[in-house]
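Asks: Below is the file data38.cif, which contains mmCIF, C-alpha atoms and all ligand atoms.
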data_query
#
loop_
_atom_site.group_PDB
_atom_site.id
_atom_site.type_symbol
_atom_site.label_atom_id
_atom_site.label_comp_id
_atom_site.auth_asym_id
_atom_site.auth_seq_id
_atom_site.Cartn_x
_atom_site.Cartn_y
_atom_site.Cartn_z
ATOM 1 C CA MET A 1 23.764 1.213 -2.634
ATOM 2 C CA SER A 2 20.856 -1.210 -2.414
ATOM 3 C CA THR A 3 21.722 -4.859 -1.839
ATOM 4 C CA LEU A 4 18.199 -6.085 -2.663
ATOM 5 C CA PRO A 5 18.018 -8.871 -5.227
ATOM 6 C CA THR A 6 16.887 -7.369 -8.539
ATOM 7 C CA THR A 7 14.278 -10.089 -9.025
ATOM 8 C CA LEU A 8 12.251 -8.800 -6.054
ATOM 9 C CA ASN A 9 9.251 -6.623 -6.750
ATOM 10 C CA VAL A 10 10.062 -3.706 -4.455
ATOM 11 C CA PRO A 11 7.949 -0.680 -5.417
ATOM 12 C CA ALA A 12 10.179 2.014 -6.942
ATOM 13 C CA ASP A 13 8.158 4.680 -5.114
ATOM 14 C CA ALA A 14 8.320 2.794 -1.807
ATOM 15 C CA SER A 15 10.120 5.574 -0.007
ATOM 16 C CA SER A 16 8.192 8.493 -1.481
ATOM 17 C CA LEU A 17 4.539 7.690 -0.843
ATOM 18 C CA PRO A 18 3.490 7.367 2.794
ATOM 19 C CA MET A 19 0.678 4.878 3.290
ATOM 20 C CA THR A 20 -2.621 6.429 4.318
ATOM 21 C CA LEU A 21 -6.060 5.082 5.191
ATOM 22 C CA PRO A 22 -7.568 6.185 1.838
ATOM 23 C CA ARG A 23 -4.706 4.469 -0.016
ATOM 24 C CA LEU A 24 -5.327 1.268 1.938
ATOM 25 C CA LEU A 25 -9.017 1.320 1.031
ATOM 26 C CA GLU A 26 -8.081 1.979 -2.570
ATOM 27 C CA LYS A 27 -5.843 -1.083 -2.533
ATOM 28 C CA LYS A 28 -8.761 -3.163 -1.292
ATOM 29 C CA ARG A 29 -11.042 -1.705 -3.970
ATOM 30 C CA LEU A 30 -8.508 -2.487 -6.688
ATOM 31 C CA GLY A 31 -7.852 -5.968 -5.311
ATOM 32 C CA GLU A 32 -4.156 -5.183 -4.765
ATOM 33 C CA PRO A 33 -2.745 -7.428 -2.012
ATOM 34 C CA ILE A 34 -1.806 -5.484 1.136
ATOM 35 C CA VAL A 35 1.487 -6.404 2.826
ATOM 36 C CA MET A 36 1.911 -6.123 6.576
ATOM 37 C CA VAL A 37 4.828 -7.315 8.675
ATOM 38 C CA THR A 38 5.664 -6.921 12.331
ATOM 39 C CA ALA A 39 8.672 -4.912 13.509
ATOM 40 C CA TYR A 40 9.880 -4.134 16.998
ATOM 41 C CA ASP A 41 13.047 -2.068 16.679
ATOM 42 C CA HIS A 42 15.067 0.118 14.347
ATOM 43 C CA PRO A 43 16.715 -2.612 12.221
ATOM 44 C CA SER A 44 13.463 -4.516 11.650
ATOM 45 C CA ALA A 45 11.670 -1.260 10.823
ATOM 46 C CA ARG A 46 14.408 -0.314 8.343
ATOM 47 C CA ALA A 47 14.071 -3.740 6.695
ATOM 48 C CA ALA A 48 10.293 -3.276 6.399
ATOM 49 C CA GLU A 49 10.734 0.245 5.045
ATOM 50 C CA ARG A 50 13.303 -0.757 2.438
ATOM 51 C CA ALA A 51 11.251 -3.785 1.362
ATOM 52 C CA GLY A 52 8.345 -1.444 0.642
ATOM 53 C CA VAL A 53 5.645 -3.002 2.849
ATOM 54 C CA ASP A 54 2.337 -1.168 3.289
ATOM 55 C CA LEU A 55 1.723 -1.654 7.006
ATOM 56 C CA VAL A 56 4.017 -2.296 9.938
ATOM 57 C CA LEU A 57 2.585 -3.779 13.104
ATOM 58 C CA MET A 58 4.585 -3.208 16.256
ATOM 59 C CA GLY A 59 2.944 -6.348 17.572
ATOM 60 C CA ASP A 60 2.757 -7.494 21.150
ATOM 61 C CA SER A 61 4.377 -10.645 19.734
ATOM 62 C CA GLY A 62 7.523 -8.605 20.426
ATOM 63 C CA ALA A 63 7.029 -9.749 24.019
ATOM 64 C CA MET A 64 8.116 -13.179 22.834
ATOM 65 C CA THR A 65 10.289 -12.483 19.790
ATOM 66 C CA VAL A 66 12.511 -9.780 21.266
ATOM 67 C CA LEU A 67 11.812 -9.611 25.007
ATOM 68 C CA GLY A 68 11.878 -13.367 25.633
ATOM 69 C CA TYR A 69 8.580 -13.788 27.474
ATOM 70 C CA ASP A 70 6.694 -17.086 27.204
ATOM 71 C CA SER A 71 3.553 -15.365 25.994
ATOM 72 C CA THR A 72 2.199 -11.923 25.166
ATOM 73 C CA VAL A 73 0.175 -11.748 28.357
ATOM 74 C CA THR A 74 2.765 -10.432 30.804
ATOM 75 C CA VAL A 75 4.413 -7.679 28.783
ATOM 76 C CA GLU A 76 3.995 -4.175 30.193
ATOM 77 C CA LEU A 77 2.697 -1.223 28.232
ATOM 78 C CA ASP A 78 5.873 0.767 28.891
ATOM 79 C CA GLU A 79 7.995 -2.046 27.466
ATOM 80 C CA LEU A 80 6.013 -2.050 24.228
ATOM 81 C CA LEU A 81 6.178 1.735 24.006
ATOM 82 C CA VAL A 82 9.983 1.541 23.981
ATOM 83 C CA LEU A 83 9.792 -0.914 21.068
ATOM 84 C CA ALA A 84 7.194 1.221 19.274
ATOM 85 C CA ARG A 85 9.380 4.332 19.524
ATOM 86 C CA ALA A 86 12.378 2.481 18.096
ATOM 87 C CA THR A 87 10.206 1.131 15.280
ATOM 88 C CA ARG A 88 8.861 4.605 14.503
ATOM 89 C CA ARG A 89 12.399 5.968 14.178
ATOM 90 C CA GLY A 90 13.067 3.459 11.401
ATOM 91 C CA LEU A 91 9.987 4.216 9.289
ATOM 92 C CA THR A 92 8.846 6.947 6.947
ATOM 93 C CA THR A 93 6.533 5.242 4.466
ATOM 94 C CA PRO A 94 4.544 2.339 5.938
ATOM 95 C CA PHE A 95 1.527 2.951 8.163
ATOM 96 C CA LEU A 96 2.535 2.072 11.740
ATOM 97 C CA VAL A 97 0.088 0.209 13.985
ATOM 98 C CA GLY A 98 0.849 -0.226 17.698
ATOM 99 C CA ASP A 99 -0.563 -3.288 19.450
ATOM 100 C CA LEU A 100 -2.335 -2.605 22.757
ATOM 101 C CA PRO A 101 -1.051 -5.143 25.281
ATOM 102 C CA PHE A 102 -3.289 -7.329 27.429
ATOM 103 C CA GLY A 103 -4.630 -5.413 30.412
ATOM 104 C CA SER A 104 -4.074 -1.985 28.881
ATOM 105 C CA TYR A 105 -7.536 -1.449 27.362
ATOM 106 C CA GLU A 106 -10.119 -3.872 28.756
ATOM 107 C CA ILE A 107 -10.996 -2.139 32.019
ATOM 108 C CA SER A 108 -12.776 0.941 30.709
ATOM 109 C CA ASP A 109 -13.138 3.149 27.646
ATOM 110 C CA GLU A 110 -11.070 5.740 29.478
ATOM 111 C CA GLN A 111 -8.227 3.259 30.021
ATOM 112 C CA ALA A 112 -8.378 2.204 26.360
ATOM 113 C CA ILE A 113 -8.290 5.794 25.075
ATOM 114 C CA THR A 114 -5.458 6.725 27.457
ATOM 115 C CA THR A 115 -3.378 3.758 26.279
ATOM 116 C CA ALA A 116 -4.100 4.396 22.617
ATOM 117 C CA MET A 117 -3.147 8.064 23.067
ATOM 118 C CA ARG A 118 0.212 7.011 24.507
ATOM 119 C CA PHE A 119 0.955 4.923 21.409
ATOM 120 C CA VAL A 120 0.148 7.905 19.204
ATOM 121 C CA LYS A 121 1.673 10.750 21.223
ATOM 122 C CA GLU A 122 4.689 9.032 22.805
ATOM 123 C CA ALA A 123 5.572 6.532 20.073
ATOM 124 C CA GLY A 124 4.250 8.211 16.937
ATOM 125 C CA CYS A 125 2.006 5.318 15.907
ATOM 126 C CA ASP A 126 -0.581 6.023 13.208
ATOM 127 C CA ALA A 127 -3.122 3.603 14.657
ATOM 128 C CA VAL A 128 -3.560 0.940 17.316
ATOM 129 C CA LYS A 129 -4.732 -2.675 17.258
ATOM 130 C CA LEU A 130 -6.699 -4.515 19.892
ATOM 131 C CA GLU A 131 -7.676 -8.154 20.160
ATOM 132 C CA GLY A 132 -11.105 -9.758 20.330
ATOM 133 C CA GLY A 133 -14.543 -9.134 18.919
ATOM 134 C CA GLY A 134 -16.643 -9.590 22.048
ATOM 135 C CA GLU A 135 -18.688 -6.856 23.706
ATOM 136 C CA THR A 136 -15.747 -5.357 25.594
ATOM 137 C CA SER A 137 -13.333 -5.169 22.650
ATOM 138 C CA VAL A 138 -16.000 -3.739 20.364
ATOM 139 C CA ALA A 139 -16.895 -1.049 22.914
ATOM 140 C CA ARG A 140 -13.201 -0.157 23.380
ATOM 141 C CA ALA A 141 -12.627 -0.021 19.626
ATOM 142 C CA ARG A 142 -15.600 2.311 19.245
ATOM 143 C CA ALA A 143 -14.378 4.571 22.068
ATOM 144 C CA ILE A 144 -10.843 4.845 20.644
ATOM 145 C CA VAL A 145 -12.157 5.556 17.146
ATOM 146 C CA ARG A 146 -14.422 8.259 18.584
ATOM 147 C CA ALA A 147 -11.364 9.762 20.272
ATOM 148 C CA GLY A 148 -9.848 10.162 16.818
ATOM 149 C CA ILE A 149 -7.430 7.230 16.661
ATOM 150 C CA PRO A 150 -7.752 4.609 13.908
ATOM 151 C CA VAL A 151 -8.215 1.077 15.244
ATOM 152 C CA MET A 152 -7.394 -2.283 13.699
ATOM 153 C CA GLY A 153 -9.424 -5.219 15.046
ATOM 154 C CA HIS A 154 -8.223 -8.812 15.453
ATOM 155 C CA VAL A 155 -10.410 -11.943 15.572
ATOM 156 C CA GLY A 156 -9.962 -15.694 15.361
ATOM 157 C CA LEU A 157 -6.934 -16.818 17.355
ATOM 158 C CA THR A 158 -6.280 -13.960 19.756
ATOM 159 C CA PRO A 159 -3.076 -14.863 21.637
ATOM 160 C CA GLN A 160 -3.764 -12.544 24.606
ATOM 161 C CA THR A 161 -6.759 -14.733 25.526
ATOM 162 C CA SER A 162 -5.439 -18.037 24.181
ATOM 163 C CA THR A 163 -5.941 -19.719 27.573
ATOM 164 C CA ALA A 164 -9.663 -18.997 27.381
ATOM 165 C CA LEU A 165 -9.678 -20.178 23.753
ATOM 166 C CA GLY A 166 -8.153 -23.532 24.718
ATOM 167 C CA GLY A 167 -4.593 -22.831 23.565
ATOM 168 C CA TYR A 168 -2.790 -21.636 20.464
ATOM 169 C CA LYS A 169 -4.970 -23.371 17.924
ATOM 170 C CA ALA A 170 -7.091 -22.568 14.904
ATOM 171 C CA GLN A 171 -10.491 -21.069 15.667
ATOM 172 C CA GLY A 172 -13.841 -21.190 13.888
ATOM 173 C CA ARG A 173 -13.695 -24.794 12.766
ATOM 174 C CA THR A 174 -17.342 -25.448 13.632
ATOM 175 C CA ALA A 175 -20.391 -23.725 12.155
ATOM 176 C CA GLN A 176 -21.190 -22.201 15.534
ATOM 177 C CA THR A 177 -17.731 -20.738 16.217
ATOM 178 C CA GLY A 178 -17.395 -19.658 12.582
ATOM 179 C CA VAL A 179 -20.634 -17.679 12.838
ATOM 180 C CA ARG A 180 -19.417 -16.114 16.089
ATOM 181 C CA ILE A 181 -16.179 -14.963 14.397
ATOM 182 C CA ALA A 182 -18.176 -13.528 11.477
ATOM 183 C CA HIS A 183 -20.376 -11.589 13.904
ATOM 184 C CA GLU A 184 -17.327 -10.311 15.787
ATOM 185 C CA ALA A 185 -15.702 -9.109 12.560
ATOM 186 C CA LEU A 186 -18.886 -7.308 11.536
ATOM 187 C CA ALA A 187 -19.259 -5.738 14.986
ATOM 188 C CA LEU A 188 -15.690 -4.380 14.842
ATOM 189 C CA GLN A 189 -16.307 -3.072 11.338
ATOM 190 C CA GLU A 190 -19.514 -1.384 12.515
ATOM 191 C CA ALA A 191 -17.602 0.099 15.485
ATOM 192 C CA GLY A 192 -15.423 1.986 13.012
ATOM 193 C CA CYS A 193 -12.259 -0.151 12.729
ATOM 194 C CA PHE A 194 -10.279 0.779 9.620
ATOM 195 C CA SER A 195 -9.029 -2.772 9.149
ATOM 196 C CA ILE A 196 -9.094 -6.155 10.850
ATOM 197 C CA VAL A 197 -6.795 -9.148 11.304
ATOM 198 C CA PHE A 198 -8.153 -12.679 10.848
ATOM 199 C CA GLU A 199 -5.781 -15.085 12.601
ATOM 200 C CA ALA A 200 -5.735 -18.884 12.282
ATOM 201 C CA ILE A 201 -9.200 -19.548 10.910
ATOM 202 C CA PRO A 202 -10.190 -21.909 8.077
ATOM 203 C CA SER A 203 -9.587 -20.413 4.635
ATOM 204 C CA ALA A 204 -13.181 -21.287 3.702
ATOM 205 C CA LEU A 205 -14.531 -19.378 6.698
ATOM 206 C CA ALA A 206 -12.510 -16.290 5.733
ATOM 207 C CA ALA A 207 -13.833 -16.610 2.170
ATOM 208 C CA GLU A 208 -17.426 -16.725 3.463
ATOM 209 C CA ILE A 209 -16.940 -13.590 5.600
ATOM 210 C CA MET A 210 -15.079 -11.546 2.961
ATOM 211 C CA PRO A 211 -18.111 -10.439 0.924
ATOM 212 C CA LEU A 212 -19.456 -8.826 4.108
ATOM 213 C CA MET A 213 -16.299 -6.834 4.825
ATOM 214 C CA THR A 214 -15.968 -3.291 3.541
ATOM 215 C CA ILE A 215 -12.687 -2.671 5.410
ATOM 216 C CA PRO A 216 -9.338 -4.275 4.497
ATOM 217 C CA VAL A 217 -8.912 -7.714 6.068
ATOM 218 C CA ILE A 218 -5.357 -8.832 6.804
ATOM 219 C CA GLY A 219 -4.896 -12.552 7.270
ATOM 220 C CA ILE A 220 -2.401 -14.653 9.161
ATOM 221 C CA GLY A 221 -3.342 -18.280 8.701
ATOM 222 C CA ALA A 222 -6.658 -17.274 7.097
ATOM 223 C CA GLY A 223 -6.011 -18.312 3.508
ATOM 224 C CA PRO A 224 -5.860 -16.338 0.275
ATOM 225 C CA ALA A 225 -9.357 -14.767 0.125
ATOM 226 C CA VAL A 226 -8.458 -11.862 2.419
ATOM 227 C CA ASP A 227 -7.144 -8.459 1.288
ATOM 228 C CA GLY A 228 -3.621 -8.825 2.628
ATOM 229 C CA GLN A 229 -1.242 -10.911 4.713
ATOM 230 C CA VAL A 230 0.815 -10.368 7.840
ATOM 231 C CA LEU A 231 3.680 -12.453 9.206
ATOM 232 C CA VAL A 232 5.830 -12.020 12.272
ATOM 233 C CA PHE A 233 9.261 -10.675 11.265
ATOM 234 C CA HIS A 234 11.170 -13.270 13.296
ATOM 235 C CA ASP A 235 9.085 -16.131 11.867
ATOM 236 C CA LEU A 236 9.444 -15.211 8.220
ATOM 237 C CA LEU A 237 13.173 -14.595 8.545
ATOM 238 C CA GLY A 238 13.858 -17.626 10.753
ATOM 239 C CA ILE A 239 15.196 -15.627 13.697
ATOM 240 C CA ARG A 240 13.055 -17.508 16.193
ATOM 241 C CA GLU A 241 13.946 -20.960 17.551
ATOM 242 C CA GLY A 242 11.521 -23.838 17.187
ATOM 243 C CA LEU A 243 8.821 -24.675 14.706
ATOM 244 C CA GLY A 244 6.431 -21.899 13.851
ATOM 245 C CA ALA A 245 2.680 -22.223 13.402
ATOM 246 C CA ARG A 246 1.342 -23.997 10.301
ATOM 247 C CA PHE A 247 0.820 -20.666 8.538
ATOM 248 C CA VAL A 248 4.456 -19.560 8.839
ATOM 249 C CA LYS A 249 6.502 -19.547 5.657
ATOM 250 C CA ARG A 250 10.226 -19.062 6.172
ATOM 251 C CA TYR A 251 11.996 -16.848 3.650
ATOM 252 C CA ALA A 252 15.409 -16.956 5.356
ATOM 253 C CA HIS A 253 17.231 -18.720 8.193
ATOM 254 C CA LEU A 254 18.855 -15.744 9.844
ATOM 255 C CA LEU A 255 19.256 -17.264 13.305
ATOM 256 C CA ASP A 256 21.513 -19.952 11.823
ATOM 257 C CA GLU A 257 23.494 -17.218 10.083
ATOM 258 C CA MET A 258 23.695 -15.182 13.296
ATOM 259 C CA VAL A 259 24.979 -18.188 15.247
ATOM 260 C CA ALA A 260 27.500 -18.982 12.503
ATOM 261 C CA GLY A 261 28.704 -15.375 12.497
ATOM 262 C CA VAL A 262 29.142 -15.164 16.273
ATOM 263 C CA ALA A 263 30.810 -18.603 16.334
ATOM 264 C CA ALA A 264 33.273 -17.538 13.601
ATOM 265 C CA TYR A 265 34.101 -14.395 15.577
ATOM 266 C CA ALA A 266 34.587 -16.412 18.784
ATOM 267 C CA ASP A 267 36.866 -18.797 16.931
ATOM 268 C CA ASP A 268 38.907 -15.925 15.458
ATOM 269 C CA VAL A 269 39.374 -14.376 18.917
ATOM 270 C CA ARG A 270 40.425 -17.687 20.478
ATOM 271 C CA GLU A 271 42.820 -18.451 17.629
ATOM 272 C CA ARG A 272 44.179 -14.846 17.690
ATOM 273 C CA ARG A 273 43.083 -14.211 14.092
ATOM 274 C CA TYR A 274 41.056 -11.193 15.206
ATOM 275 C CA PRO A 275 41.865 -8.336 15.415
ATOM 276 C CA GLY A 276 44.167 -8.056 12.414
ATOM 277 C CA PRO A 277 46.465 -5.109 11.642
ATOM 278 C CA GLU A 278 43.668 -3.575 9.539
ATOM 279 C CA HIS A 279 41.393 -3.329 12.594
ATOM 280 C CA GLY A 280 43.846 -1.305 14.693
ATOM 281 C CA TYR A 281 44.764 2.400 14.914
ATOM 282 C CA SER A 282 48.274 3.696 14.194
ATOM 283 C CA ILE A 283 50.351 6.258 16.034
ATOM 284 C CA ASP A 284 53.183 8.378 14.687
ATOM 285 C CA GLU A 285 56.654 6.882 15.517
ATOM 286 C CA ALA A 286 57.873 10.107 17.160
ATOM 287 C CA GLU A 287 54.749 10.266 19.325
ATOM 288 C CA LEU A 288 55.258 6.648 20.280
ATOM 289 C CA ARG A 289 58.898 7.305 21.356
ATOM 290 C CA GLU A 290 57.732 10.251 23.460
ATOM 291 C CA LEU A 291 54.962 8.164 24.956
ATOM 292 C CA ARG A 292 57.397 5.349 25.855
ATOM 293 C CA ALA A 293 59.768 7.851 27.439
ATOM 294 C CA ALA A 294 56.943 9.330 29.492
ATOM 295 C CA LEU A 295 55.823 5.903 30.638
ATOM 296 C CA THR A 296 59.353 4.683 31.550
ATOM 297 C CA PRO A 297 59.672 4.812 35.343
ATOM 298 C CA PRO A 298 62.641 6.982 36.566
ATOM 299 C CA VAL A 299 65.577 4.888 37.927
HETATM 300 O O1 LIG A 301 1.402 -9.280 17.745
HETATM 301 C C1 LIG A 301 1.353 -9.754 16.598
HETATM 302 O O2 LIG A 301 2.364 -10.094 15.985
HETATM 303 C C2 LIG A 301 0.051 -9.912 15.968
HETATM 304 C C3 LIG A 301 0.009 -10.483 14.598
HETATM 305 C C4 LIG A 301 0.144 -11.944 14.656
HETATM 306 C C5 LIG A 301 -1.218 -10.089 13.868
HETATM 307 O O3 LIG A 301 -0.936 -9.576 16.554
#
Will you turn the file into structure tokens for me?
Ligand code: KIV
Replies:
Amino acid sequence: MSTLPTTLNVPADASSLPMTLPRLLEKKRLGEPIVMVTAYDHPSARAAERAGVDLVLMGDSGAMTVLGYDSTVTVELDELLVLARATRRGLTTPFLVGDLPFGSYEISDEQAITTAMRFVKEAGCDAVKLEGGGETSVARARAIVRAGIPVMGHVGLTPQTSTALGGYKAQGRTAQTGVRIAHEALALQEAGCFSIVFEAIPSALAAEIMPLMTIPVIGIGAGPAVDGQVLVFHDLLGIREGLGARFVKRYAHLLDEMVAGVAAYADDVRERRYPGPEHGYSIDEAELRELRAALTPPV
């Protein structure tokens, strides 16, 4: 039985209609907001599936949210593939995008295609995402698309290269950098990307670029003019410690609930309230007598 609040607008057909690229484009054409969320394992994928989201991103943010790294830079491809496989096992309806980690696609087109293939063949992803709109990223996006794998672009704040960008901060706040981001978005679109993420850019900049975009644009800290929104699972549910970025809206405080639950369990164990009789297994009296007899040492 579903435990979802009845006031939530969860599509009734959420589990029967798999998301496809034509359906995504149709949503953009109709002006229907597109919902994307990250997921990194089976429970988060099941939550996304049951909530009826359109796109799931197995983001490299999983390096930080579930693997405990300080940034997304150091995570290995094989680590993300494990997370992508677990995510895949939890999904049937949303379109699954696997995030190519830093260092797994920049070196050559061949490296990029090989990595993208692994996400598709080994983890069952429908598409991949790569960061950046410079010459290298655009060339890699084009090569992967030509190899037959849909690619999502990502411009603005690109965490894999945040050191070069001067830190985790909004991008495109000057005319010059705003124009650069617009050109990057257009170059990725021209390279064949099926969609693109705008991260942490002024809402007004996103609104200026939108009329030029024929592919669905998913925003995270890019204001309301874009075609859809994405948030990190752990941010929106409050599973991560610390303050999130300005664009994060918290819809739950699950970490507090998790701590409270574990603390209550610990308290029950220490006070001998757990386990109770209802948590144990019984044994037939006759069997127990026989058992005791067998265990009694001979005198
Ligand atoms: O890895 C990630 O979570 C992302 C989103 C922020 C778009 O790239």
Asks: Distance CA of Leu100 (chain A)-CA of Leu130 (chain A), one decimal place?
Replies: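 Taking CA of Leu100 (chain A) as the start and CA of Leu130 (chain A) as the end point, the length is 5.6 Å.
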Asks: Using only C-alpha atoms, can you tell me which of A:Gly261, A:Pro101, A:Gly167, A:Gly148 comes closest to Lys129 (chain A)?
Replies: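 That would be A:Pro101, the residue with the smallest distance to Lys129 (chain A).
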Asks: Which residue is closest to Gly133 (chain A)? Choose from A:Thr161, A:Thr115, A:Gln229, A:Thr296 and count all atoms listed in the file.
Replies: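 Using all atoms listed in the file, the shortest distance to Gly133 (chain A) belongs to A:Thr161.
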Asks: Each side padded by 5 Å, which centre and which edge lengths in Å (one decimal) define the axis-aligned box around the listed atoms of ligand LIG 301 (chain A)? Give them as lines of an AutoDock Vina configuration file.
Replies:
center_x = 0.6
center_y = -10.6
center_z = 15.8
size_x = 13.6
size_y = 12.7
size_z = 13.9
Asks: Measure the distance from CA of His42 (chain A) to CA of Lys249 (chain A) in Å and round it to one decimal.
Replies: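 Here the two named atoms are 23.1 Å from each other.
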Asks: Apply the PyMOL selection byres (((not hetatm)) within 6 of (chain A and resi 301)) to the file shown and report the selected residues as a list in words.
Replies: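 Checking the PyMOL selection byres (((not hetatm)) within 6 of (chain A and resi 301)) against this file, the residues are Thr38, Gly59, Asp60, Ser61 and Val232 of chain A.
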Asks: Could you name the residues that touch Thr174 (chain A) at 12 Å or less, counting only C-alpha atoms, but leaving out those on the same chain fewer than 3 positions away, as an MDAnalysis selection string?
Replies: chainID A and resid 170:171 177:181 201:202 204:205
Asks: Determine the residue set returned by the PyMOL selection byres (((chain A and resi 235) around 12) and not hetatm) for the present structure, and present it as a ChimeraX atom specification.
Replies: /A:37-39,61-62,64-66,220,230-234,236-255
Asks: Taking the file as I've supplied it (selection: the PyMOL selection byres (((chain A and resi 86-97) around 10) and not hetatm)), which residues are included? Please answer as number ranges by chain.
Replies: A: 13-21, 24, 35-36, 38-50, 52-59, 80-85, 98-100, 119-120, 123-129, 150-152
Asks: Please, what distance in Å, to one decimal, runs between CA of Leu77 (chain A) and CA of His154 (chain A)?
Replies: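 Value for the CA of Leu77 (chain A)-CA of His154 (chain A) distance: 18.4 Å.
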Asks: Please fill the gaps in region 167-179 of chain A so it has N, CA, C and O atoms, and write that as a PDB file, in the frame of the given file.
Replies:
ATOM      1  N   GLY A 167      -5.981 -22.697  24.031  1.00  0.00           N
ATOM      2  CA  GLY A 167      -4.593 -22.831  23.565  1.00  0.00           C
ATOM      3  C   GLY A 167      -4.387 -22.149  22.224  1.00  0.00           C
ATOM      4  O   GLY A 167      -5.313 -21.563  21.659  1.00  0.00           O
ATOM      5  N   TYR A 168      -3.133 -22.224  21.763  1.00  0.00           N
ATOM      6  CA  TYR A 168      -2.790 -21.636  20.464  1.00  0.00           C
ATOM      7  C   TYR A 168      -3.260 -22.586  19.370  1.00  0.00           C
ATOM      8  O   TYR A 168      -2.502 -23.450  18.918  1.00  0.00           O
ATOM      9  N   LYS A 169      -4.500 -22.478  18.986  1.00  0.00           N
ATOM     10  CA  LYS A 169      -4.970 -23.371  17.924  1.00  0.00           C
ATOM     11  C   LYS A 169      -5.971 -22.652  17.048  1.00  0.00           C
ATOM     12  O   LYS A 169      -6.557 -21.638  17.455  1.00  0.00           O
ATOM     13  N   ALA A 170      -6.172 -23.198  15.852  1.00  0.00           N
ATOM     14  CA  ALA A 170      -7.091 -22.568  14.904  1.00  0.00           C
ATOM     15  C   ALA A 170      -8.474 -22.426  15.526  1.00  0.00           C
ATOM     16  O   ALA A 170      -8.905 -23.258  16.323  1.00  0.00           O
ATOM     17  N   GLN A 171      -9.154 -21.363  15.156  1.00  0.00           N
ATOM     18  CA  GLN A 171     -10.491 -21.069  15.667  1.00  0.00           C
ATOM     19  C   GLN A 171     -11.494 -21.152  14.519  1.00  0.00           C
ATOM     20  O   GLN A 171     -11.111 -21.090  13.356  1.00  0.00           O
ATOM     21  N   GLY A 172     -12.777 -21.254  14.890  1.00  0.00           N
ATOM     22  CA  GLY A 172     -13.841 -21.190  13.888  1.00  0.00           C
ATOM     23  C   GLY A 172     -13.939 -22.422  13.012  1.00  0.00           C
ATOM     24  O   GLY A 172     -14.300 -22.305  11.844  1.00  0.00           O
ATOM     25  N   ARG A 173     -13.644 -23.584  13.597  1.00  0.00           N
ATOM     26  CA  ARG A 173     -13.695 -24.794  12.766  1.00  0.00           C
ATOM     27  C   ARG A 173     -15.033 -25.518  12.890  1.00  0.00           C
ATOM     28  O   ARG A 173     -15.200 -26.615  12.374  1.00  0.00           O
ATOM     29  N   THR A 174     -15.968 -24.920  13.610  1.00  0.00           N
ATOM     30  CA  THR A 174     -17.342 -25.448  13.632  1.00  0.00           C
ATOM     31  C   THR A 174     -18.246 -24.348  13.108  1.00  0.00           C
ATOM     32  O   THR A 174     -17.866 -23.161  13.131  1.00  0.00           O
ATOM     33  N   ALA A 175     -19.452 -24.731  12.671  1.00  0.00           N
ATOM     34  CA  ALA A 175     -20.391 -23.725  12.155  1.00  0.00           C
ATOM     35  C   ALA A 175     -20.655 -22.663  13.218  1.00  0.00           C
ATOM     36  O   ALA A 175     -20.645 -21.456  12.937  1.00  0.00           O
ATOM     37  N   GLN A 176     -20.839 -23.137  14.468  1.00  0.00           N
ATOM     38  CA  GLN A 176     -21.190 -22.201  15.534  1.00  0.00           C
ATOM     39  C   GLN A 176     -20.074 -21.190  15.804  1.00  0.00           C
ATOM     40  O   GLN A 176     -20.315 -19.979  15.881  1.00  0.00           O
ATOM     41  N   THR A 177     -18.826 -21.671  15.919  1.00  0.00           N
ATOM     42  CA  THR A 177     -17.731 -20.738  16.217  1.00  0.00           C
ATOM     43  C   THR A 177     -17.402 -19.876  14.994  1.00  0.00           C
ATOM     44  O   THR A 177     -17.011 -18.714  15.119  1.00  0.00           O
ATOM     45  N   GLY A 178     -17.620 -20.438  13.800  1.00  0.00           N
ATOM     46  CA  GLY A 178     -17.395 -19.658  12.582  1.00  0.00           C
ATOM     47  C   GLY A 178     -18.371 -18.487  12.512  1.00  0.00           C
ATOM     48  O   GLY A 178     -17.987 -17.351  12.175  1.00  0.00           O
ATOM     49  N   VAL A 179     -19.620 -18.743  12.862  1.00  0.00           N
ATOM     50  CA  VAL A 179     -20.634 -17.679  12.838  1.00  0.00           C
ATOM     51  C   VAL A 179     -20.280 -16.617  13.886  1.00  0.00           C
ATOM     52  O   VAL A 179     -20.392 -15.419  13.631  1.00  0.00           O
TER      53      VAL A 179
END
